[in-house]
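Shown next: structure.cif, given as mmCIF, N, CA, C and O atoms and all ligand atoms.
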data_structure
loop_
_atom_site.label_atom_id
_atom_site.label_comp_id
_atom_site.auth_asym_id
_atom_site.auth_seq_id
_atom_site.Cartn_x
_atom_site.Cartn_y
_atom_site.Cartn_z
N MET A 84 -137.13 21.67 -27.71
CA MET A 84 -135.75 21.68 -28.19
C MET A 84 -135.49 22.98 -28.92
O MET A 84 -136.21 23.34 -29.85
N ILE A 85 -134.46 23.70 -28.50
CA ILE A 85 -134.12 24.95 -29.15
C ILE A 85 -132.80 24.77 -29.89
O ILE A 85 -131.80 24.39 -29.30
N THR A 86 -132.84 24.98 -31.18
CA THR A 86 -131.60 24.93 -31.96
C THR A 86 -131.51 26.21 -32.76
O THR A 86 -132.52 26.78 -33.17
N SER A 87 -130.30 26.67 -32.98
CA SER A 87 -130.12 27.88 -33.77
C SER A 87 -130.37 27.56 -35.24
O SER A 87 -130.28 26.40 -35.65
N PRO A 88 -130.70 28.58 -36.02
CA PRO A 88 -130.91 28.35 -37.46
C PRO A 88 -129.70 27.70 -38.11
O PRO A 88 -129.83 26.87 -39.01
N VAL A 89 -128.49 28.06 -37.64
CA VAL A 89 -127.27 27.50 -38.23
C VAL A 89 -127.21 25.99 -37.95
O VAL A 89 -126.92 25.20 -38.84
N ASP A 90 -127.52 25.58 -36.70
CA ASP A 90 -127.52 24.16 -36.36
C ASP A 90 -128.55 23.42 -37.20
O ASP A 90 -128.34 22.29 -37.63
N ARG A 91 -129.69 24.07 -37.39
CA ARG A 91 -130.78 23.44 -38.13
C ARG A 91 -130.36 23.18 -39.58
O ARG A 91 -130.57 22.09 -40.11
N VAL A 92 -129.74 24.18 -40.19
CA VAL A 92 -129.27 24.02 -41.57
C VAL A 92 -128.19 22.95 -41.63
O VAL A 92 -128.18 22.11 -42.54
N SER A 93 -127.28 22.95 -40.64
CA SER A 93 -126.22 21.92 -40.62
C SER A 93 -126.81 20.53 -40.54
O SER A 93 -126.34 19.61 -41.21
N ALA A 94 -127.85 20.35 -39.71
CA ALA A 94 -128.48 19.04 -39.56
C ALA A 94 -129.10 18.60 -40.89
O ALA A 94 -129.02 17.43 -41.27
N VAL A 95 -129.72 19.55 -41.60
CA VAL A 95 -130.33 19.21 -42.90
C VAL A 95 -129.23 18.82 -43.89
O VAL A 95 -129.37 17.84 -44.62
N MET A 96 -128.11 19.57 -43.89
CA MET A 96 -127.02 19.24 -44.82
C MET A 96 -126.44 17.87 -44.49
O MET A 96 -126.07 17.11 -45.40
N ASP A 97 -126.37 17.51 -43.19
CA ASP A 97 -125.90 16.16 -42.81
C ASP A 97 -126.82 15.10 -43.40
O ASP A 97 -126.35 14.06 -43.89
N ARG A 98 -128.11 15.34 -43.32
CA ARG A 98 -129.07 14.36 -43.87
C ARG A 98 -128.88 14.20 -45.37
O ARG A 98 -129.00 13.11 -45.92
N LEU A 99 -128.62 15.32 -46.05
CA LEU A 99 -128.40 15.24 -47.50
C LEU A 99 -127.15 14.42 -47.81
O LEU A 99 -127.16 13.59 -48.72
N ARG A 100 -126.09 14.65 -47.04
CA ARG A 100 -124.85 13.90 -47.28
C ARG A 100 -125.09 12.41 -47.06
O ARG A 100 -124.61 11.58 -47.82
N ARG A 101 -125.84 12.08 -46.00
CA ARG A 101 -126.12 10.66 -45.74
C ARG A 101 -126.95 10.05 -46.86
O ARG A 101 -126.90 8.85 -47.09
N ALA A 102 -127.74 10.90 -47.53
CA ALA A 102 -128.55 10.42 -48.66
C ALA A 102 -127.73 10.38 -49.95
O ALA A 102 -128.26 10.07 -51.02
N GLY A 103 -126.44 10.73 -49.86
CA GLY A 103 -125.57 10.65 -51.01
C GLY A 103 -125.50 11.92 -51.85
O GLY A 103 -124.97 11.91 -52.95
N LEU A 104 -126.06 13.04 -51.31
CA LEU A 104 -126.01 14.30 -52.05
C LEU A 104 -124.87 15.15 -51.50
O LEU A 104 -124.89 15.54 -50.34
N ARG A 105 -123.88 15.40 -52.34
CA ARG A 105 -122.75 16.25 -51.94
C ARG A 105 -123.25 17.65 -51.61
O ARG A 105 -124.26 18.10 -52.13
N THR A 106 -122.48 18.33 -50.75
CA THR A 106 -122.79 19.73 -50.48
C THR A 106 -122.29 20.57 -51.65
O THR A 106 -121.11 20.57 -51.95
N THR A 107 -123.20 21.24 -52.34
CA THR A 107 -122.82 22.18 -53.39
C THR A 107 -123.28 23.56 -52.95
O THR A 107 -124.11 23.68 -52.04
N LEU A 108 -122.73 24.59 -53.58
CA LEU A 108 -123.13 25.96 -53.23
C LEU A 108 -124.63 26.14 -53.41
O LEU A 108 -125.30 26.77 -52.59
N ALA A 109 -125.17 25.56 -54.50
CA ALA A 109 -126.60 25.72 -54.78
C ALA A 109 -127.43 25.04 -53.69
O ALA A 109 -128.39 25.62 -53.19
N ARG A 110 -127.05 23.80 -53.33
CA ARG A 110 -127.83 23.08 -52.30
C ARG A 110 -127.77 23.82 -50.98
O ARG A 110 -128.77 24.00 -50.30
N ARG A 111 -126.54 24.25 -50.62
CA ARG A 111 -126.38 24.95 -49.36
C ARG A 111 -127.21 26.25 -49.37
O ARG A 111 -127.87 26.59 -48.39
N GLY A 112 -127.17 26.95 -50.50
CA GLY A 112 -127.91 28.21 -50.61
C GLY A 112 -129.40 28.01 -50.48
O GLY A 112 -130.10 28.77 -49.80
N VAL A 113 -129.92 26.96 -51.13
CA VAL A 113 -131.36 26.70 -51.09
C VAL A 113 -131.78 26.31 -49.67
O VAL A 113 -132.79 26.80 -49.15
N VAL A 114 -130.96 25.47 -49.01
CA VAL A 114 -131.30 25.06 -47.63
C VAL A 114 -131.24 26.28 -46.70
O VAL A 114 -132.10 26.45 -45.83
N ASP A 115 -130.23 27.15 -46.91
CA ASP A 115 -130.15 28.38 -46.11
C ASP A 115 -131.43 29.22 -46.27
O ASP A 115 -131.98 29.71 -45.29
N ALA A 116 -131.86 29.37 -47.53
CA ALA A 116 -133.04 30.19 -47.81
C ALA A 116 -134.28 29.59 -47.15
O ALA A 116 -135.09 30.30 -46.55
N LEU A 117 -134.42 28.25 -47.24
CA LEU A 117 -135.58 27.60 -46.62
C LEU A 117 -135.50 27.68 -45.10
O LEU A 117 -136.52 27.80 -44.41
N GLY A 118 -134.26 27.63 -44.56
CA GLY A 118 -134.08 27.76 -43.11
C GLY A 118 -134.48 29.14 -42.62
O GLY A 118 -135.16 29.28 -41.60
N GLU A 119 -134.10 30.17 -43.38
CA GLU A 119 -134.51 31.54 -43.04
C GLU A 119 -136.02 31.65 -43.07
O GLU A 119 -136.64 32.22 -42.17
N ALA A 120 -136.62 31.11 -44.14
CA ALA A 120 -138.07 31.21 -44.31
C ALA A 120 -138.79 30.47 -43.18
O ALA A 120 -139.83 30.92 -42.69
N ALA A 121 -138.22 29.34 -42.73
CA ALA A 121 -138.83 28.58 -41.64
C ALA A 121 -138.86 29.44 -40.38
O ALA A 121 -139.83 29.42 -39.62
N GLY A 122 -137.79 30.22 -40.16
CA GLY A 122 -137.75 31.13 -39.02
C GLY A 122 -138.82 32.20 -39.11
O GLY A 122 -139.27 32.73 -38.09
N GLU A 123 -139.23 32.50 -40.34
CA GLU A 123 -140.30 33.49 -40.57
C GLU A 123 -141.66 32.80 -40.68
O GLU A 123 -142.65 33.44 -41.02
N ARG A 124 -141.69 31.48 -40.43
CA ARG A 124 -142.89 30.65 -40.57
C ARG A 124 -143.48 30.75 -41.97
O ARG A 124 -144.69 30.86 -42.16
N ARG A 125 -142.59 30.73 -42.95
CA ARG A 125 -143.05 30.83 -44.33
C ARG A 125 -142.51 29.68 -45.16
O ARG A 125 -141.48 29.11 -44.84
N HIS A 126 -143.25 29.39 -46.21
CA HIS A 126 -142.72 28.60 -47.31
C HIS A 126 -142.30 29.58 -48.38
O HIS A 126 -142.70 30.75 -48.36
N LEU A 127 -141.51 29.12 -49.34
CA LEU A 127 -141.10 29.98 -50.45
C LEU A 127 -141.44 29.30 -51.77
O LEU A 127 -141.34 28.07 -51.89
N ARG A 128 -141.83 30.10 -52.74
CA ARG A 128 -141.94 29.60 -54.12
C ARG A 128 -140.51 29.46 -54.65
O ARG A 128 -139.60 30.13 -54.17
N ALA A 129 -140.35 28.63 -55.69
CA ALA A 129 -139.02 28.45 -56.28
C ALA A 129 -138.44 29.80 -56.72
O ALA A 129 -137.24 30.06 -56.56
N THR A 130 -139.31 30.67 -57.26
CA THR A 130 -138.82 31.97 -57.73
C THR A 130 -138.32 32.82 -56.55
O THR A 130 -137.37 33.59 -56.69
N GLU A 131 -138.97 32.67 -55.38
CA GLU A 131 -138.53 33.42 -54.20
C GLU A 131 -137.19 32.90 -53.68
O GLU A 131 -136.34 33.68 -53.24
N VAL A 132 -137.02 31.56 -53.72
CA VAL A 132 -135.72 30.99 -53.35
C VAL A 132 -134.65 31.55 -54.27
O VAL A 132 -133.59 32.00 -53.84
N HIS A 133 -134.97 31.55 -55.58
CA HIS A 133 -134.01 32.04 -56.58
C HIS A 133 -133.64 33.50 -56.32
O HIS A 133 -132.47 33.87 -56.36
N GLN A 134 -134.64 34.33 -55.98
CA GLN A 134 -134.39 35.75 -55.69
C GLN A 134 -133.45 35.89 -54.49
O GLN A 134 -132.56 36.74 -54.49
N ARG A 135 -133.68 35.06 -53.46
CA ARG A 135 -132.82 35.17 -52.27
C ARG A 135 -131.38 34.80 -52.60
O ARG A 135 -130.44 35.42 -52.09
N LEU A 136 -131.21 33.80 -53.47
CA LEU A 136 -129.85 33.37 -53.83
C LEU A 136 -129.16 34.44 -54.68
O LEU A 136 -128.01 34.79 -54.40
N THR A 137 -129.86 34.94 -55.68
CA THR A 137 -129.22 35.94 -56.54
C THR A 137 -129.00 37.23 -55.75
O THR A 137 -128.02 37.94 -55.98
N GLY A 138 -129.89 37.50 -54.77
CA GLY A 138 -129.75 38.69 -53.92
C GLY A 138 -128.47 38.66 -53.11
O GLY A 138 -127.97 39.69 -52.68
N ARG A 139 -127.95 37.46 -52.84
CA ARG A 139 -126.70 37.40 -52.09
C ARG A 139 -125.54 37.02 -53.01
O ARG A 139 -124.50 36.54 -52.57
N GLY A 140 -125.75 37.23 -54.31
CA GLY A 140 -124.65 37.11 -55.26
C GLY A 140 -124.34 35.70 -55.72
O GLY A 140 -123.30 35.44 -56.31
N LEU A 141 -125.25 34.77 -55.44
CA LEU A 141 -125.03 33.38 -55.86
C LEU A 141 -125.62 33.22 -57.26
O LEU A 141 -126.84 33.32 -57.45
N GLY A 142 -124.76 33.00 -58.25
CA GLY A 142 -125.22 32.91 -59.63
C GLY A 142 -125.76 31.52 -59.94
O GLY A 142 -125.06 30.68 -60.49
N VAL A 143 -127.00 31.29 -59.57
CA VAL A 143 -127.63 29.98 -59.76
C VAL A 143 -128.84 30.17 -60.66
O VAL A 143 -129.61 31.11 -60.48
N GLU A 144 -128.98 29.28 -61.65
CA GLU A 144 -130.13 29.36 -62.55
C GLU A 144 -131.40 28.92 -61.83
O GLU A 144 -131.34 28.06 -60.93
N LEU A 145 -132.54 29.46 -62.26
CA LEU A 145 -133.82 29.05 -61.68
C LEU A 145 -134.05 27.54 -61.88
O LEU A 145 -134.57 26.86 -61.00
N SER A 146 -133.60 27.01 -63.03
CA SER A 146 -133.78 25.57 -63.28
C SER A 146 -132.99 24.74 -62.25
O SER A 146 -133.43 23.67 -61.84
N THR A 147 -131.84 25.26 -61.82
CA THR A 147 -131.05 24.57 -60.80
C THR A 147 -131.80 24.59 -59.47
O THR A 147 -131.83 23.59 -58.75
N VAL A 148 -132.40 25.74 -59.14
CA VAL A 148 -133.18 25.85 -57.90
C VAL A 148 -134.31 24.82 -57.91
O VAL A 148 -134.53 24.11 -56.92
N HIS A 149 -135.00 24.70 -59.05
CA HIS A 149 -136.08 23.71 -59.16
C HIS A 149 -135.55 22.30 -58.92
O HIS A 149 -136.16 21.50 -58.22
N ARG A 150 -134.39 21.99 -59.53
CA ARG A 150 -133.82 20.65 -59.40
C ARG A 150 -133.42 20.37 -57.95
O ARG A 150 -133.69 19.30 -57.41
N VAL A 151 -132.79 21.36 -57.30
CA VAL A 151 -132.38 21.18 -55.90
C VAL A 151 -133.61 20.97 -55.02
O VAL A 151 -133.63 20.07 -54.17
N LEU A 152 -134.65 21.77 -55.24
CA LEU A 152 -135.87 21.64 -54.42
C LEU A 152 -136.47 20.24 -54.59
O LEU A 152 -136.91 19.62 -53.62
N THR A 153 -136.47 19.74 -55.84
CA THR A 153 -136.99 18.40 -56.09
C THR A 153 -136.20 17.36 -55.31
O THR A 153 -136.77 16.46 -54.69
N HIS A 154 -134.87 17.50 -55.30
CA HIS A 154 -134.02 16.56 -54.56
C HIS A 154 -134.32 16.63 -53.06
O HIS A 154 -134.40 15.61 -52.39
N LEU A 155 -134.49 17.85 -52.54
CA LEU A 155 -134.73 18.01 -51.10
C LEU A 155 -136.04 17.33 -50.71
O LEU A 155 -136.14 16.71 -49.65
N VAL A 156 -137.05 17.46 -51.58
CA VAL A 156 -138.35 16.82 -51.30
C VAL A 156 -138.20 15.31 -51.37
O VAL A 156 -138.73 14.58 -50.52
N GLU A 157 -137.44 14.81 -52.38
CA GLU A 157 -137.24 13.36 -52.52
C GLU A 157 -136.56 12.77 -51.29
O GLU A 157 -136.92 11.68 -50.83
N VAL A 158 -135.58 13.50 -50.75
CA VAL A 158 -134.84 13.02 -49.57
C VAL A 158 -135.71 13.16 -48.31
O VAL A 158 -135.49 12.46 -47.32
N GLY A 159 -136.69 14.05 -48.37
CA GLY A 159 -137.61 14.20 -47.23
C GLY A 159 -137.25 15.32 -46.28
O GLY A 159 -137.85 15.45 -45.21
N VAL A 160 -136.27 16.16 -46.65
CA VAL A 160 -135.93 17.27 -45.77
C VAL A 160 -136.76 18.52 -46.07
O VAL A 160 -136.76 19.48 -45.31
N ALA A 161 -137.47 18.49 -47.21
CA ALA A 161 -138.36 19.60 -47.55
C ALA A 161 -139.68 19.01 -48.02
O ALA A 161 -139.75 17.83 -48.39
N HIS A 162 -140.72 19.83 -47.95
CA HIS A 162 -142.00 19.38 -48.50
C HIS A 162 -142.61 20.53 -49.27
O HIS A 162 -142.14 21.67 -49.19
N THR A 163 -143.62 20.18 -50.06
CA THR A 163 -144.22 21.19 -50.91
C THR A 163 -145.71 21.27 -50.66
O THR A 163 -146.36 20.24 -50.44
N VAL A 164 -146.22 22.48 -50.62
CA VAL A 164 -147.65 22.72 -50.43
C VAL A 164 -148.08 23.67 -51.54
O VAL A 164 -147.47 24.73 -51.72
N PRO A 165 -149.10 23.29 -52.32
CA PRO A 165 -149.56 24.20 -53.36
C PRO A 165 -150.38 25.34 -52.76
O PRO A 165 -151.24 25.10 -51.94
N VAL A 166 -150.04 26.56 -53.14
CA VAL A 166 -150.80 27.73 -52.68
C VAL A 166 -151.16 28.54 -53.91
O VAL A 166 -150.28 28.98 -54.66
N GLY A 167 -152.44 28.70 -54.15
CA GLY A 167 -152.89 29.47 -55.30
C GLY A 167 -152.38 28.89 -56.61
O GLY A 167 -152.08 29.63 -57.54
N GLY A 168 -152.25 27.57 -56.69
CA GLY A 168 -151.84 26.93 -57.93
C GLY A 168 -150.34 26.90 -58.14
O GLY A 168 -149.87 26.41 -59.15
N THR A 169 -149.57 27.44 -57.18
CA THR A 169 -148.12 27.43 -57.29
C THR A 169 -147.53 26.62 -56.14
O THR A 169 -147.99 26.75 -55.00
N ALA A 170 -146.53 25.81 -56.43
CA ALA A 170 -145.89 25.02 -55.37
C ALA A 170 -145.07 25.94 -54.48
O ALA A 170 -144.36 26.82 -54.96
N THR A 171 -145.21 25.75 -53.16
CA THR A 171 -144.33 26.44 -52.22
C THR A 171 -143.56 25.37 -51.46
O THR A 171 -144.04 24.25 -51.29
N PHE A 172 -142.36 25.72 -51.02
CA PHE A 172 -141.47 24.74 -50.39
C PHE A 172 -141.09 25.20 -48.99
O PHE A 172 -140.84 26.39 -48.76
N GLY A 173 -141.05 24.23 -48.07
CA GLY A 173 -140.63 24.53 -46.71
C GLY A 173 -139.80 23.38 -46.17
O GLY A 173 -139.88 22.26 -46.68
N LEU A 174 -138.98 23.67 -45.16
CA LEU A 174 -138.23 22.59 -44.52
C LEU A 174 -139.21 21.64 -43.85
O LEU A 174 -140.21 22.07 -43.27
N ALA A 175 -138.92 20.35 -43.93
CA ALA A 175 -139.80 19.35 -43.34
C ALA A 175 -139.09 18.64 -42.19
O ALA A 175 -139.45 17.54 -41.81
N ASP A 176 -138.04 19.30 -41.64
CA ASP A 176 -137.29 18.66 -40.55
C ASP A 176 -138.06 18.69 -39.24
O ASP A 176 -137.75 17.94 -38.33
N ARG A 177 -139.06 19.55 -39.14
CA ARG A 177 -139.91 19.58 -37.95
C ARG A 177 -141.36 19.53 -38.40
O ARG A 177 -141.73 20.25 -39.33
N PRO A 178 -142.19 18.72 -37.72
CA PRO A 178 -143.60 18.66 -38.10
C PRO A 178 -144.26 20.01 -37.89
O PRO A 178 -144.00 20.67 -36.89
N HIS A 179 -145.07 20.43 -38.83
CA HIS A 179 -145.83 21.68 -38.63
C HIS A 179 -147.09 21.64 -39.48
O HIS A 179 -147.19 20.88 -40.44
N HIS A 180 -148.05 22.44 -39.08
CA HIS A 180 -149.29 22.56 -39.84
C HIS A 180 -149.24 23.82 -40.69
O HIS A 180 -148.44 24.72 -40.43
N HIS A 181 -150.10 23.87 -41.69
CA HIS A 181 -150.18 25.05 -42.55
C HIS A 181 -151.59 25.60 -42.50
O HIS A 181 -152.55 24.84 -42.53
N ALA A 182 -151.72 26.91 -42.43
CA ALA A 182 -153.03 27.55 -42.51
C ALA A 182 -153.08 28.33 -43.81
O ALA A 182 -152.20 29.15 -44.08
N VAL A 183 -154.08 28.03 -44.64
CA VAL A 183 -154.23 28.74 -45.91
C VAL A 183 -155.50 29.59 -45.84
O VAL A 183 -156.59 29.07 -45.53
N CYS A 184 -155.37 30.88 -46.09
CA CYS A 184 -156.52 31.78 -46.06
C CYS A 184 -157.38 31.56 -47.30
O CYS A 184 -156.87 31.56 -48.42
N GLN A 185 -158.69 31.35 -47.08
CA GLN A 185 -159.58 31.11 -48.21
C GLN A 185 -159.88 32.39 -48.98
O GLN A 185 -160.35 32.34 -50.11
N GLY A 186 -159.58 33.53 -48.35
CA GLY A 186 -159.82 34.80 -49.04
C GLY A 186 -158.67 35.15 -49.96
O GLY A 186 -158.83 35.21 -51.18
N CYS A 187 -157.48 35.31 -49.36
CA CYS A 187 -156.34 35.81 -50.16
C CYS A 187 -155.47 34.66 -50.68
O CYS A 187 -154.61 34.89 -51.54
N GLY A 188 -155.64 33.45 -50.13
CA GLY A 188 -154.80 32.34 -50.58
C GLY A 188 -153.44 32.33 -49.90
O GLY A 188 -152.61 31.48 -50.17
N GLY A 189 -153.20 33.30 -49.01
CA GLY A 189 -151.91 33.36 -48.29
C GLY A 189 -151.76 32.17 -47.37
O GLY A 189 -152.75 31.60 -46.90
N MET A 190 -150.54 31.75 -47.12
CA MET A 190 -150.29 30.56 -46.29
C MET A 190 -149.27 30.88 -45.22
O MET A 190 -148.31 31.60 -45.47
N ARG A 191 -149.53 30.37 -44.02
CA ARG A 191 -148.58 30.51 -42.92
C ARG A 191 -148.39 29.14 -42.28
O ARG A 191 -149.33 28.37 -42.16
N GLN A 192 -147.17 28.88 -41.86
CA GLN A 192 -146.94 27.74 -41.00
C GLN A 192 -147.42 28.13 -39.61
O GLN A 192 -147.27 29.27 -39.19
N LEU A 193 -147.98 27.16 -38.87
CA LEU A 193 -148.48 27.49 -37.54
C LEU A 193 -147.36 27.41 -36.50
O LEU A 193 -147.49 27.94 -35.42
N THR A 194 -146.29 26.71 -36.82
CA THR A 194 -145.09 26.71 -35.98
C THR A 194 -143.89 26.84 -36.88
O THR A 194 -144.00 26.60 -38.09
N ALA A 195 -142.75 27.21 -36.30
CA ALA A 195 -141.54 27.39 -37.11
C ALA A 195 -140.93 26.03 -37.43
O ALA A 195 -140.11 25.92 -38.29
ZN ZN A 201 -144.51 23.29 -44.42
#
Represent the structure contained in this file as structure tokens.
Amino acid sequence: MITSPVDRVSAVMDRLRRAGLRTTLARRGVVDALGEAAGERRHLRATEVHQRLTGRGLGVELSTVHRVLTHLVEVGVAHTVPVGGTATFGLADRPHHHAVCQGCGGMRQLTA
């Protein structure tokens, strides 16, 4: 199944709405950032999500990013994998495996 990143983000936002979470700029921004990262086969730390949002002019506090990420994990559209003692977040809309390097601690998703 091939879907564009935009369709993928829309599908995730639909799931959030069905779970009773309104679309807010912060939620949309965080899902966009995780969608981009999924295309790069990456997870993001909360601070990296925050950097991407502020980089595009979205004035969102880091504490808000943390809260949104927690909600996404609770709803099941995102999951968290600890890397080097820090939580990283990725979209969980498609099953994927993670490879963590025992040398550098770097992590890659094996599929997008
Ligand atoms: Zn993942």
Excluding stretch 163-168 of chain A and its own-chain neighbours fewer than 6 positions away, which residues fall within 8 Å of it when counting only C-alpha atoms? Please give them as a ChimeraX atom specification. /A:156,183,188-190
Can you check which residues of chain A DSSP gives as helix (DSSP H, G or I) on the backbone and send them as a ChimeraX atom specification? /A:88-101,108-122,129-138,145-158
Near stretch 121-128 of chain A, within 5 Å and counting all atoms listed in the file, which residues show up once chain neighbours fewer than 5 positions away are dropped, as a list in words?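 So the residues in contact are Ala170, Thr171, Phe172, Gly173, Met190, Arg191, Gln192, Thr194 and Ala195 of chain A.
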Per-residue DSSP, chain A, filtered to strand (DSSP E or B), as a list in words: Leu127, Arg128, Ala161, His162, Thr163, Val164, Pro165, Val166, Thr169, Ala170, Thr171, Phe172, Gly173, Leu174, His181, Ala182, Val183, Met190, Arg191 and Gln192 of chain A
Just to be explicit: take each residue in the selection above, keep N, CA, C and O atoms, and write the result as a short mmCIF file (atom, residue, chain, number, x, y, z; two decimals), keeping the file's coordinate frame.
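To be explicit, this is the file written out as selection-v2.cif:
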data_model
loop_
_atom_site.label_atom_id
_atom_site.label_comp_id
_atom_site.auth_asym_id
_atom_site.auth_seq_id
_atom_site.Cartn_x
_atom_site.Cartn_y
_atom_site.Cartn_z
N LEU A 127 -141.51 29.12 -49.34
CA LEU A 127 -141.10 29.98 -50.45
C LEU A 127 -141.44 29.30 -51.77
O LEU A 127 -141.34 28.07 -51.89
N ARG A 128 -141.83 30.10 -52.74
CA ARG A 128 -141.94 29.60 -54.12
C ARG A 128 -140.51 29.46 -54.65
O ARG A 128 -139.60 30.13 -54.17
N ALA A 161 -137.47 18.49 -47.21
CA ALA A 161 -138.36 19.60 -47.55
C ALA A 161 -139.68 19.01 -48.02
O ALA A 161 -139.75 17.83 -48.39
N HIS A 162 -140.72 19.83 -47.95
CA HIS A 162 -142.00 19.38 -48.50
C HIS A 162 -142.61 20.53 -49.27
O HIS A 162 -142.14 21.67 -49.19
N THR A 163 -143.62 20.18 -50.06
CA THR A 163 -144.22 21.19 -50.91
C THR A 163 -145.71 21.27 -50.66
O THR A 163 -146.36 20.24 -50.44
N VAL A 164 -146.22 22.48 -50.62
CA VAL A 164 -147.65 22.72 -50.43
C VAL A 164 -148.08 23.67 -51.54
O VAL A 164 -147.47 24.73 -51.72
N PRO A 165 -149.10 23.29 -52.32
CA PRO A 165 -149.56 24.20 -53.36
C PRO A 165 -150.38 25.34 -52.76
O PRO A 165 -151.24 25.10 -51.94
N VAL A 166 -150.04 26.56 -53.14
CA VAL A 166 -150.80 27.73 -52.68
C VAL A 166 -151.16 28.54 -53.91
O VAL A 166 -150.28 28.98 -54.66
N THR A 169 -149.57 27.44 -57.18
CA THR A 169 -148.12 27.43 -57.29
C THR A 169 -147.53 26.62 -56.14
O THR A 169 -147.99 26.75 -55.00
N ALA A 170 -146.53 25.81 -56.43
CA ALA A 170 -145.89 25.02 -55.37
C ALA A 170 -145.07 25.94 -54.48
O ALA A 170 -144.36 26.82 -54.96
N THR A 171 -145.21 25.75 -53.16
CA THR A 171 -144.33 26.44 -52.22
C THR A 171 -143.56 25.37 -51.46
O THR A 171 -144.04 24.25 -51.29
N PHE A 172 -142.36 25.72 -51.02
CA PHE A 172 -141.47 24.74 -50.39
C PHE A 172 -141.09 25.20 -48.99
O PHE A 172 -140.84 26.39 -48.76
N GLY A 173 -141.05 24.23 -48.07
CA GLY A 173 -140.63 24.53 -46.71
C GLY A 173 -139.80 23.38 -46.17
O GLY A 173 -139.88 22.26 -46.68
N LEU A 174 -138.98 23.67 -45.16
CA LEU A 174 -138.23 22.59 -44.52
C LEU A 174 -139.21 21.64 -43.85
O LEU A 174 -140.21 22.07 -43.27
N HIS A 181 -150.10 23.87 -41.69
CA HIS A 181 -150.18 25.05 -42.55
C HIS A 181 -151.59 25.60 -42.50
O HIS A 181 -152.55 24.84 -42.53
N ALA A 182 -151.72 26.91 -42.43
CA ALA A 182 -153.03 27.55 -42.51
C ALA A 182 -153.08 28.33 -43.81
O ALA A 182 -152.20 29.15 -44.08
N VAL A 183 -154.08 28.03 -44.64
CA VAL A 183 -154.23 28.74 -45.91
C VAL A 183 -155.50 29.59 -45.84
O VAL A 183 -156.59 29.07 -45.53
N MET A 190 -150.54 31.75 -47.12
CA MET A 190 -150.29 30.56 -46.29
C MET A 190 -149.27 30.88 -45.22
O MET A 190 -148.31 31.60 -45.47
N ARG A 191 -149.53 30.37 -44.02
CA ARG A 191 -148.58 30.51 -42.92
C ARG A 191 -148.39 29.14 -42.28
O ARG A 191 -149.33 28.37 -42.16
N GLN A 192 -147.17 28.88 -41.86
CA GLN A 192 -146.94 27.74 -41.00
C GLN A 192 -147.42 28.13 -39.61
O GLN A 192 -147.27 29.27 -39.19
#
Taking only C-alpha atoms and all ligand atoms into account, which of A:Val148, A:Leu117, A:Cys184, A:Leu136 comes nearest ligand ZN 201 (chain A)?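 Selected residue with least distance to ligand ZN 201 (chain A): A:Leu117.
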One-decimal distance in Å that lies between atom N of A:Val92 and atom C of A:Arg111: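 It comes out at 9.7 Å.
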Ref. answer, residues at most 10 Å from (-138.3, 16.9, -46.0) with only C-alpha atoms, as a list in words: Val95, Arg98, Leu152, His154, Leu155, Val156, Glu157, Val158, Gly159, Val160, Ala161, His162, Thr163, Phe172, Gly173, Leu174, Ala175, Asp176, Arg177 and Pro178 of chain A
Looking at only C-alpha atoms and all ligand atoms, which of A:Arg150, A:Ala129, A:Ala120, A:Gln134 is the one that sits closest to ligand ZN 201 (chain A)?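 Between A:Arg150, A:Ala129, A:Ala120, A:Gln134, the residue approaching ligand ZN 201 (chain A) most closely is A:Ala120.
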What is the atom N of A:His180 to atom CA of A:Leu193 distance in Å? 5.3 Å
I'd like to know which of A:His181, A:Gly118, A:Thr106, A:Glu131 is closest to ligand ZN 201 (chain A), using only N, CA, C and O atoms and all ligand atoms.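 Smallest distance to ligand ZN 201 (chain A) is found for A:His181.
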